[in-house]
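Working notes, structure below.
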Amino acid sequence: MRLRTRRSPSRVTLASFASQLLNGLASASSMFLVAAGLTLIFGVTRIVNFAHGSAAMLGAYIAAAIVATQFAGVASFWMALAGALAAGALFGVVLERGVLARLYAAPEMLQLTATFGVLLIARDAALALFGAEDRLGPRVPGLSGSVDFGAFVVPQYDLFLIGVGPLVLIALTWIVARTRFGMQLRACAENRGIAASLGVNPVRLYVAVFALGSALAAAAGALSLPREPATLTMDLPLVADAFVVTVTGGLGSIPGAFIAAVVIGVVKALCIGLGTHDIAGVTIAFPKLTLVAEFCVMAGVLAVRPQGLLGKAIDAPPTTLLPEQRAWLPPLARRDMWLALAVVLLLAALPMVADEYTLVLVIEVLLAAMFAASLQLMLGAGGMTSFGHAAHFGIGAYAAALCAKASLPFALAVGAGPLAGALSAALIGAFCVRLSGVYLAMLTLAFAQIVWSAAFQWDSVTGGSNGLIGIWPPPALASRTAFYALTAVLAVAALGALVAIARSPFGYALRATRDSRLRAAAVGIDVARTQWLAFIIAGAFAGLAGALFAFSKGSISPESLAIPKSVDALVIVLLGGINAWFGPLAGAAVFTWLQDALTRSFTYWRAALGILIVLLVLLFPRGIAGSFAWRRKTA
Amino acid sequence: MSGAPVLAVRNLARAFGGVRAVDGVDFHVARAEMVALIGPNGAGKTTCFNLVNGQLRADAGSVRLEGRDIGGLAPATIARLRVGRTFQVAATFVSMSVRENIGVAQRALGRRGDARAADELMARVGAPELVDRHAAALAYADAKRVELAVALAGNPLLLLLDEPTAGLGLAERTPMMEAVRAATVSGVAVLFTEHDMDVVFGFADRVIVLDRGRIIATGTPEAVRADAAVRRAYLGDG
C-alpha cells in the first residue's frame with residue numbers, strides 16, 4: 001500500500017487542545033441556548049418542533065439587519081440582540097397560536113410534520129425578506145480583540161459566549177424554581193389537568209413558554225452571528241443539533257441539556273484537536289468525525305439510559321395514534337382488485353401515449369410510492385413513527401451506486417439496494433424498537449442524520465457533498481421506456497408485496513403489537529422481534545426504491561438521505577392515508593406532481609409546499625384518502 | 001410430570017425501591033382448580049400475576065409450570081408454554097374483528113388459524129354472535145369476554161385472570177364467571193384476582209389472601225371468611 005505523505009501527523013500539543021476546548025465550549029453555549037428553548041417548550045407542552053430552527057435563523061437575520069443599520073453606533077450589537085429576542089418571542093407566539101394550539105391532542109407525528117411545514121414557510125419568508133446571500137455580522141465592539149494565553153490566543157467573544165451559557169442556565173433554573181411563572185410551568189409539566197383545575201391558565205402559559213423558548217433560540221442565532229454567517233439553510237442543522245442535545249440530556253431537563261451540550265462540544269473539539277492520524281495503517285481524519293461524534297455520543301447515552309442523562313425514567317410513553325391507525329382494516333374488496341388491475345393497465349399503456357418527460361415524472365412517482373409504502377408498513381401497521389426513513393433509501397442508493405462504480409453487474413447493483421437498506425434498518429432498528437412516541441421519532445431522525453453526515457463527509461467513498469455521478473443502467477435498459485418498464489414492474493411487485501405483508505399473519509402480529517403491547521406479549525408474540533422485522537422489511541423496500549432512484553437519476557447525493565427526504569415520505573403517507581391500500585401511490589402521485597409544478601413555476605415553492613403541509617395536517621389529520629373513506633362509511 | 005401442580009410458586013419476592021410488593025409467597029394451583037388471590041389494594045396481587053407471566057422479574061423464588069422452571073422467561077415465551085392471561089382493563093386488538101383477534105392469538109401460539117375455532121371459542125364464553133364484530137366497537141363487558149376467548153385460544157394449561165369482573169355490572173358478573181368455570185371443565189387451572197367477594201366466594205375452590213406482600217390466610221372460601229387475620233386486614237383492627 002502506498003503511503004501518502006502528508007503534513008506530519010500533527011503532534012497534539014496541550015495548547016492546541018486547550019484552544020480547541022475553549023472553542024468547543026463557546027459553540028456549546030449557543031447549542032445550549034437553542035436546546036434549552038426546545039426542552040423548555042417540550043417539558044410543558046410535550047411538543048417537539050422543527051420550526052425551533054427557524055426561530056434561530058430568524059434571530060440571526062434580524063440581528064444582522066439591525067447591526068447593518070448601525071443606528072445605535074457602538075451599542076448596535078446589543079440592540080440587535082434585543083431585536084432578535086423580540087422577533088423570536090413574536091415568532092413563538094404566532095407558531096403557537098397559529099398552528100400548534102390546534103394540535104396539542106394530535107399524534108406527535110402530525111405535530112412534527114406540521115412544524116416542518118412551518119420551517120419551509122419561514123425559510124422562504126427569510127429568502128423574501130433578506131435575500132439569498134449569507135449575512136455575516138461584524139465583530140462586536142468591545143469584544144473584538146483576543147486574549148493571549150501565551151501558548152495560544154482566544155477571541156474575547158468566545159470567552160464571552162462561554163460565560164453566556166452558564167448564566168442562562170442559572171437564570172432559567174431560577175425562573176423555574178423560584179418564580180410564580182416557574183411554579184406554573186412545573187405544575188403544568190407534572191399534570192396539565194390538575195394545573196388547570198388549580199387556576200393556571202394553560203393557554204397563557206403555553207403562549208408564554210413558546211415565546212420564551214423561541215426567544216432563546218433567536219438569541220442563540222443572533223449571538224452566533226459574529227462567528228458564523230446567517231444562512232437560509234442554518235435552520236435544519238441547528239434544530240437537528242438541538243434534538244440531539246435535548247434527547248441526550250433528557251427531554252424536558254434544562255440542566256441535562258447544558259451537560260449534554262458541553263459534553264458534545266468538548267467531544268467535537270477533541271476530534272478537531274486530534275487532527276489527522278495514521279492508526280494501524282488506517283488514516284483517520286478526526287476533524288471529519290465531528291458531525292458524527294455528537295450523534296455517537298447520543299446513541300451511546302441512549303443505549304445505556306433511554307431517557308437521557310437527566311431525563312425522568314420513561315414510563316413506556318405510548319405513541320399517540322391517529323384514529324385511523326386504530327380503525328378496523330377491512331379485507332381487500334373486489335373494488336380494490338379492479339382498481340389494482342386498472343393501475344397496472346394504465347402503467348402498461350403509458351409508454352404508448354406519454355412523452356419522455358411524463359415517463360420521467362411517473363418513474364419518480366413510482367419510486368416515491370415504493371419508498372412511502374415501506375414507511376406506511378411501519379407507520380400504519382407497526383404504529384412506529386420514523387422521521388429518518390430516508391437513511392435506508394439513501395443507503396440503498398449509495399450501495400447500488402458503489403456497485404455500479406465497481407463495474408458489478410446491474411442486477412447485483414440493484415440487488416445491493418434492498419440488502420443494504422435491510423442491514424441499515426436492522427442496525428438502527430435494534431436501538432429503536434425499545435422506544436416509542438417522541439423518543440422513537442427523534443432517535444430515528446438522529447440516526448438518519450448520522451448516516452447523512454457520513455455520506456456528506458466521507459469524500460473518498462461517497463464523493464462527499466457532490467455525491468457519485470455516472471450511475472447509468474446497462475445499454476439494454478438505457479432508454480427511458482426500458483427503464484420505465486423495469487421500474488413499473490418492480491414498483492407494482494413491491495407495492496403488492498407490501499400489501500400482502502400487511503395482510504399476512506406477520507402483518508396481523510405487527511398490528512397486534514401496535515394495538516396493545518401487553519396483550520400481544522400475553523398471546524405469545526415477541527413484540528420487539530416483530531417490530532424489528534418490520535423495520536428490516538421496510539428498510540429493504542426503501543433500499544430498493546433508493547437503488548432504482550440512483551439509476552434513474554444517473555447520480556446520487558447526500559440530499560437523498562437528508563431530513564427533508566424522510567419528511568417527503570411521511571407527507572406522502574399522510575396525504576394518501578395511513579391505512580389506505582392505494583394511499584402511497586395516490587399520495588406519491590399528488591405530491592410529486594405538486595412539487596414538480598411548484599418548483600418549476602414558483603420561486604417560493606418551499607413556502608407553498610409548507611403551507612400545503614400545514615393545511616394537510618390541520619384540515620385532514622386522517623390523510624386525504626382516509627378522510628374520504630371515513631366519510632363514505634359514516635354517510 | 002402429571003404429579004406436579006400446574007402452577008407452583010415458591011418463596012416469590014419482588015421489591016420496588018424499598019417497598020416489598022411481594023415478599024416470600026408460596027402457593028400452587030392444581031388442574032381444573034379455580035383459585036382466587038385476594039387482598040386489599042396494594043397487597044401485591046397484580047405484582048404476583050406479572051411475576052408469574054414474566055412481565056416482571058422476581059428478586060427471589062421460583063415459578064414452576066408443571067414442574068418446569070419458567071422464572072426469567074419473557075412473557076411471549078411463557079404464553080407459548082400455554083399460559084393465558086387477561087388484564088385488569090380489558091385489552092383487545094382494537095383494529096381487528098373478534099375473529100381476527102382470536103386468529104392472531106392462535107397463530108402466535110403456533111396453532112393454525114382456523115375459522116371455526118373462533119366461533120367455538122366465542123360460544124364457550126357465551127357470546128357467539130360477536131364473532132364478526134369490530135373489537136373497538138364492543139361494549140366493555142363484551143370486550144372482557146373476547147379477551148377471555150383470546151386467552152383461551154392457545155388451549156392453556158393455566159389461565160391468569162386479573163379482576164375478570166372489574167368494570168362489569170352486577171348482572172354481568174355471574175355469566176362472566178360461569179364462562180370461566182365452563183372453561184375449567186376441560187382441566188384448565190385458573191388463578192384470578194377479584195374485589196367482588198360474592199364472585200370470590202361463589203366461584204373459587206380455594207382462596208389465598210395477600211396483605212402487604214405476604215400470604216396471611218389460605219383455604220376454602222368458608223374457612224377464609226371466618227379467619228380473624230383476614231377480617232383485620234380488610235376491616236382494620238376492630
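Just so we're on the same page: first chain in the C-alpha cells is A, next is B, and so on; residues restart at 1 for each chain, and ligands are numbered from 1 in the order they show up.
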
(message) Could you tell me which residues of chain A sit within 6 Å of chain B when counting only C-alpha atoms, and give me the result as a list in words?
(response)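 Listed by rising number, the hits are Arg326, Ala327, Trp328, Ala512, Asp515, Ala521, Ala522, Val523, Gly524, Ile525 and Asp526 of chain A.
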
Please save N, CA and C atoms of the selected residues as an mmCIF file, in the first residue's frame.
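Contents of part04.cif, as written:
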data_model
loop_
_atom_site.group_PDB
_atom_site.id
_atom_site.type_symbol
_atom_site.label_atom_id
_atom_site.label_comp_id
_atom_site.auth_asym_id
_atom_site.auth_seq_id
_atom_site.Cartn_x
_atom_site.Cartn_y
_atom_site.Cartn_z
ATOM 1 N N ARG A 326 -56.188 3.119 14.370
ATOM 2 C CA ARG A 326 -56.892 2.165 15.213
ATOM 3 C C ARG A 326 -58.160 1.650 14.535
ATOM 4 N N ALA A 327 -58.418 2.152 13.339
ATOM 5 C CA ALA A 327 -59.656 1.747 12.678
ATOM 6 C C ALA A 327 -59.558 0.294 12.216
ATOM 7 N N TRP A 328 -60.694 -0.299 12.032
ATOM 8 C CA TRP A 328 -60.718 -1.666 11.548
ATOM 9 C C TRP A 328 -60.239 -1.679 10.102
ATOM 10 N N ALA A 512 -51.028 -6.247 16.001
ATOM 11 C CA ALA A 512 -51.332 -6.612 17.388
ATOM 12 C C ALA A 512 -50.371 -5.902 18.342
ATOM 13 N N ASP A 515 -51.599 -2.348 18.588
ATOM 14 C CA ASP A 515 -52.862 -2.179 19.299
ATOM 15 C C ASP A 515 -52.664 -2.309 20.802
ATOM 16 N N ALA A 521 -47.856 -9.552 23.829
ATOM 17 C CA ALA A 521 -46.891 -10.411 24.507
ATOM 18 C C ALA A 521 -47.624 -11.544 25.216
ATOM 19 N N ALA A 522 -48.808 -11.242 25.749
ATOM 20 C CA ALA A 522 -49.544 -12.250 26.514
ATOM 21 C C ALA A 522 -50.106 -13.354 25.629
ATOM 22 N N VAL A 523 -50.223 -13.112 24.313
ATOM 23 C CA VAL A 523 -50.645 -14.224 23.451
ATOM 24 C C VAL A 523 -49.456 -14.848 22.732
ATOM 25 N N GLY A 524 -48.242 -14.488 23.164
ATOM 26 C CA GLY A 524 -47.076 -15.203 22.636
ATOM 27 C C GLY A 524 -46.354 -14.503 21.498
ATOM 28 N N ILE A 525 -46.688 -13.227 21.243
ATOM 29 C CA ILE A 525 -45.981 -12.506 20.181
ATOM 30 C C ILE A 525 -44.737 -11.840 20.774
ATOM 31 N N ASP A 526 -43.577 -12.097 20.161
ATOM 32 C CA ASP A 526 -42.351 -11.442 20.603
ATOM 33 C C ASP A 526 -42.371 -10.025 20.032
#

(message) I'd like to know which residues of region 2-153 of chain B are alpha helix (DSSP H) (by DSSP, run on the backbone); could you write them as number ranges by chain?
(response) B: 45-52, 75-80, 98-108, 115-124, 140-152

Those same residues - N, CA and C atoms - I'd like them written as a short mmCIF file (atom, residue, chain, number, x, y, z; two decimals), in the first residue's frame.
data_model
loop_
_atom_site.label_atom_id
_atom_site.label_comp_id
_atom_site.auth_asym_id
_atom_site.auth_seq_id
_atom_site.Cartn_x
_atom_site.Cartn_y
_atom_site.Cartn_z
N LYS B 45 -51.26 -8.36 44.49
CA LYS B 45 -51.92 -9.35 43.63
C LYS B 45 -51.44 -9.24 42.19
N THR B 46 -51.50 -8.01 41.66
CA THR B 46 -51.12 -7.84 40.26
C THR B 46 -49.63 -8.08 40.07
N THR B 47 -48.83 -7.70 41.08
CA THR B 47 -47.39 -7.98 41.00
C THR B 47 -47.16 -9.49 40.91
N CYS B 48 -47.91 -10.26 41.69
CA CYS B 48 -47.81 -11.72 41.63
C CYS B 48 -48.08 -12.21 40.21
N PHE B 49 -49.18 -11.69 39.61
CA PHE B 49 -49.53 -12.07 38.24
C PHE B 49 -48.39 -11.75 37.28
N ASN B 50 -47.86 -10.52 37.42
CA ASN B 50 -46.81 -10.10 36.49
C ASN B 50 -45.54 -10.91 36.68
N LEU B 51 -45.32 -11.42 37.88
CA LEU B 51 -44.16 -12.28 38.11
C LEU B 51 -44.38 -13.65 37.48
N VAL B 52 -45.62 -14.13 37.56
CA VAL B 52 -45.90 -15.46 37.01
C VAL B 52 -45.83 -15.43 35.48
N PRO B 75 -42.54 -12.81 28.61
CA PRO B 75 -43.99 -13.07 28.59
C PRO B 75 -44.42 -13.86 27.36
N ALA B 76 -43.83 -13.53 26.20
CA ALA B 76 -44.25 -14.23 24.98
C ALA B 76 -43.89 -15.71 25.06
N THR B 77 -42.72 -16.00 25.63
CA THR B 77 -42.28 -17.40 25.76
C THR B 77 -43.20 -18.14 26.71
N ILE B 78 -43.54 -17.49 27.82
CA ILE B 78 -44.41 -18.13 28.80
C ILE B 78 -45.79 -18.37 28.19
N ALA B 79 -46.25 -17.39 27.39
CA ALA B 79 -47.54 -17.56 26.73
C ALA B 79 -47.52 -18.80 25.84
N ARG B 80 -46.39 -19.02 25.15
CA ARG B 80 -46.30 -20.17 24.25
C ARG B 80 -46.20 -21.49 25.01
N VAL B 98 -63.32 -9.54 16.04
CA VAL B 98 -63.17 -10.54 17.10
C VAL B 98 -62.50 -11.80 16.53
N ARG B 99 -62.94 -12.21 15.35
CA ARG B 99 -62.37 -13.40 14.72
C ARG B 99 -60.87 -13.22 14.48
N GLU B 100 -60.49 -12.02 14.03
CA GLU B 100 -59.08 -11.76 13.77
C GLU B 100 -58.28 -11.72 15.09
N ASN B 101 -58.90 -11.18 16.14
CA ASN B 101 -58.26 -11.20 17.46
C ASN B 101 -57.87 -12.61 17.86
N ILE B 102 -58.83 -13.51 17.68
CA ILE B 102 -58.58 -14.90 18.07
C ILE B 102 -57.57 -15.54 17.14
N GLY B 103 -57.68 -15.23 15.83
CA GLY B 103 -56.75 -15.79 14.84
C GLY B 103 -55.31 -15.40 15.13
N VAL B 104 -55.10 -14.12 15.48
CA VAL B 104 -53.74 -13.64 15.80
C VAL B 104 -53.17 -14.45 16.95
N ALA B 105 -53.99 -14.64 17.98
CA ALA B 105 -53.52 -15.36 19.16
C ALA B 105 -53.18 -16.81 18.80
N GLN B 106 -54.05 -17.43 17.99
CA GLN B 106 -53.80 -18.83 17.64
C GLN B 106 -52.50 -19.01 16.87
N ARG B 107 -52.29 -18.10 15.90
CA ARG B 107 -51.07 -18.24 15.10
C ARG B 107 -49.83 -17.96 15.94
N ALA B 108 -49.93 -16.94 16.84
CA ALA B 108 -48.77 -16.62 17.66
C ALA B 108 -48.43 -17.80 18.56
N ALA B 115 -60.93 -20.92 11.15
CA ALA B 115 -62.07 -20.03 11.27
C ALA B 115 -63.11 -20.56 12.26
N ARG B 116 -63.26 -21.88 12.28
CA ARG B 116 -64.29 -22.45 13.17
C ARG B 116 -63.91 -22.29 14.64
N ALA B 117 -62.59 -22.27 14.91
CA ALA B 117 -62.14 -22.16 16.29
C ALA B 117 -62.68 -20.88 16.93
N ALA B 118 -62.72 -19.78 16.14
CA ALA B 118 -63.20 -18.52 16.70
C ALA B 118 -64.67 -18.65 17.10
N ASP B 119 -65.48 -19.28 16.24
CA ASP B 119 -66.89 -19.47 16.58
C ASP B 119 -67.04 -20.30 17.84
N GLU B 120 -66.23 -21.36 17.90
CA GLU B 120 -66.29 -22.27 19.04
C GLU B 120 -65.92 -21.54 20.35
N LEU B 121 -64.81 -20.78 20.29
CA LEU B 121 -64.35 -20.09 21.49
C LEU B 121 -65.37 -19.05 21.95
N MET B 122 -65.93 -18.32 20.99
CA MET B 122 -66.90 -17.30 21.38
C MET B 122 -68.16 -17.95 21.94
N ALA B 123 -68.48 -19.14 21.45
CA ALA B 123 -69.61 -19.85 22.03
C ALA B 123 -69.28 -20.27 23.46
N ARG B 124 -68.02 -20.66 23.69
CA ARG B 124 -67.63 -21.08 25.04
C ARG B 124 -67.72 -19.94 26.04
N TYR B 140 -68.08 -2.85 27.02
CA TYR B 140 -66.96 -3.27 27.84
C TYR B 140 -67.09 -4.73 28.28
N ALA B 141 -68.28 -5.11 28.66
CA ALA B 141 -68.47 -6.48 29.12
C ALA B 141 -68.16 -7.47 28.00
N ASP B 142 -68.53 -7.09 26.78
CA ASP B 142 -68.25 -7.98 25.64
C ASP B 142 -66.76 -8.04 25.36
N ALA B 143 -66.07 -6.89 25.50
CA ALA B 143 -64.61 -6.87 25.29
C ALA B 143 -63.96 -7.83 26.28
N LYS B 144 -64.49 -7.88 27.51
CA LYS B 144 -63.92 -8.79 28.51
C LYS B 144 -64.12 -10.25 28.10
N ARG B 145 -65.25 -10.54 27.52
CA ARG B 145 -65.49 -11.90 27.03
C ARG B 145 -64.53 -12.25 25.90
N VAL B 146 -64.34 -11.28 24.99
CA VAL B 146 -63.43 -11.51 23.87
C VAL B 146 -62.02 -11.76 24.42
N GLU B 147 -61.64 -10.96 25.42
CA GLU B 147 -60.32 -11.14 26.00
C GLU B 147 -60.17 -12.55 26.57
N LEU B 148 -61.24 -13.02 27.20
CA LEU B 148 -61.19 -14.37 27.77
C LEU B 148 -61.06 -15.40 26.64
N ALA B 149 -61.81 -15.19 25.56
CA ALA B 149 -61.72 -16.13 24.43
C ALA B 149 -60.32 -16.13 23.84
N VAL B 150 -59.71 -14.93 23.74
CA VAL B 150 -58.35 -14.83 23.21
C VAL B 150 -57.38 -15.57 24.14
N ALA B 151 -57.59 -15.42 25.45
CA ALA B 151 -56.71 -16.10 26.40
C ALA B 151 -56.88 -17.61 26.32
N LEU B 152 -58.07 -18.05 25.90
CA LEU B 152 -58.33 -19.49 25.78
C LEU B 152 -57.86 -20.06 24.45
#

(message) Please report the interatomic distance between CA of Val617 (chain A) and CA of Asp568 (chain A) in Å with one decimal.
(response) 13.7 Å

(request) Name the closest residue to Ala219 (chain A) among the candidates A:Met31, A:Ala540, A:Leu427, A:Val451; distances are taken between atoms, counting only C-alpha atoms. (result)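 Smallest separation from Ala219 (chain A) among the options: A:Met31.
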
(message) Considering only strand (DSSP E) as DSSP defines it on the backbone, what residues of region 204-451 of chain A qualify? List them as number ranges by chain.
(response) A: 276-279, 282-285

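Note that CA of Thr115 (chain A) and CA of Phe50 (chain A) are 5.3 Å apart.
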
(request) Find the residues around Pro155 (chain A) up to 12 Å (only C-alpha atoms counted), leave out those fewer than 5 positions away in its own chain, and share them as a ChimeraX atom specification. (result) /A:19-20,22-23,26,139-140,142-149,160-162,226-227

Write the residues you've just listed into a file as a PDB file, in the first residue's frame, and include C-alpha atoms for each of them.
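Output contents, as saved in result_32.pdb:
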ATOM      1  CA  SER A  19      -7.601  26.327  22.359  1.00  0.00           C
ATOM      2  CA  GLN A  20      -9.966  23.832  20.698  1.00  0.00           C
ATOM      3  CA  LEU A  22     -12.446  26.798  24.567  1.00  0.00           C
ATOM      4  CA  ASN A  23     -13.746  26.965  21.021  1.00  0.00           C
ATOM      5  CA  ALA A  26     -18.201  28.559  23.049  1.00  0.00           C
ATOM      6  CA  ARG A 139     -17.219  41.831  15.348  1.00  0.00           C
ATOM      7  CA  VAL A 140     -18.771  43.146  18.475  1.00  0.00           C
ATOM      8  CA  GLY A 142     -15.634  45.913  22.948  1.00  0.00           C
ATOM      9  CA  LEU A 143     -15.312  42.155  22.366  1.00  0.00           C
ATOM     10  CA  SER A 144     -13.421  42.207  19.080  1.00  0.00           C
ATOM     11  CA  GLY A 145      -9.959  41.557  20.476  1.00  0.00           C
ATOM     12  CA  SER A 146      -8.425  38.395  21.726  1.00  0.00           C
ATOM     13  CA  VAL A 147      -6.864  37.184  24.916  1.00  0.00           C
ATOM     14  CA  ASP A 148      -3.296  35.918  24.826  1.00  0.00           C
ATOM     15  CA  PHE A 149      -2.788  32.836  26.980  1.00  0.00           C
ATOM     16  CA  PHE A 160     -17.982  35.983  26.396  1.00  0.00           C
ATOM     17  CA  LEU A 161     -20.046  33.175  24.834  1.00  0.00           C
ATOM     18  CA  ILE A 162     -18.592  30.618  27.247  1.00  0.00           C
ATOM     19  CA  PRO A 226     -20.013  37.199  14.856  1.00  0.00           C
ATOM     20  CA  ARG A 227     -18.741  33.612  14.486  1.00  0.00           C
TER      21      ARG A 227
END

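Nearest to Val199 (chain B) of all the residues B:Met177, B:Val19, B:Val185, B:Leu37 is B:Met177, based on only C-alpha atoms.
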
(request) For each of B:Leu210, B:Ala183, B:Ala8, B:Val131, take the minimum atom-to-atom distance to Ala21 (chain B), counting only C-alpha atoms, then give the residue where this is smallest. (result)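 Using only C-alpha atoms, Ala21 (chain B) sits closest to B:Leu210.
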
(request) Name the residues in contact with Leu12 (chain B) at a cut-off of 8 Å, using only C-alpha atoms, excluding same-chain residues fewer than 4 positions from it; report them as a list in words. (result) Val22, Asp23, Gly24, Val25, Asp26, Ala58, Asp59, Ala60, Gly61, Ser62 and Val63 of chain B

(message) Please list as JSON, numbers by chain every residue within 8 Å of Phe243 (chain A), counting only C-alpha atoms and excluding residues in the same chain fewer than 2 positions away.
(response) {"A": [35, 38, 239, 240, 241, 245, 246, 247, 442, 446]}

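Every protein or nucleic acid residue with an atom no more than 9 Å from Ile41 (chain A), counting only C-alpha atoms and leaving out same-chain residues fewer than 5 positions away, appears here: Ala36, Arg46, Ile47, Val48, Asn49, Tyr206, Val209, Phe210, Leu212, Gly213, Ser214 and Gly252 of chain A.
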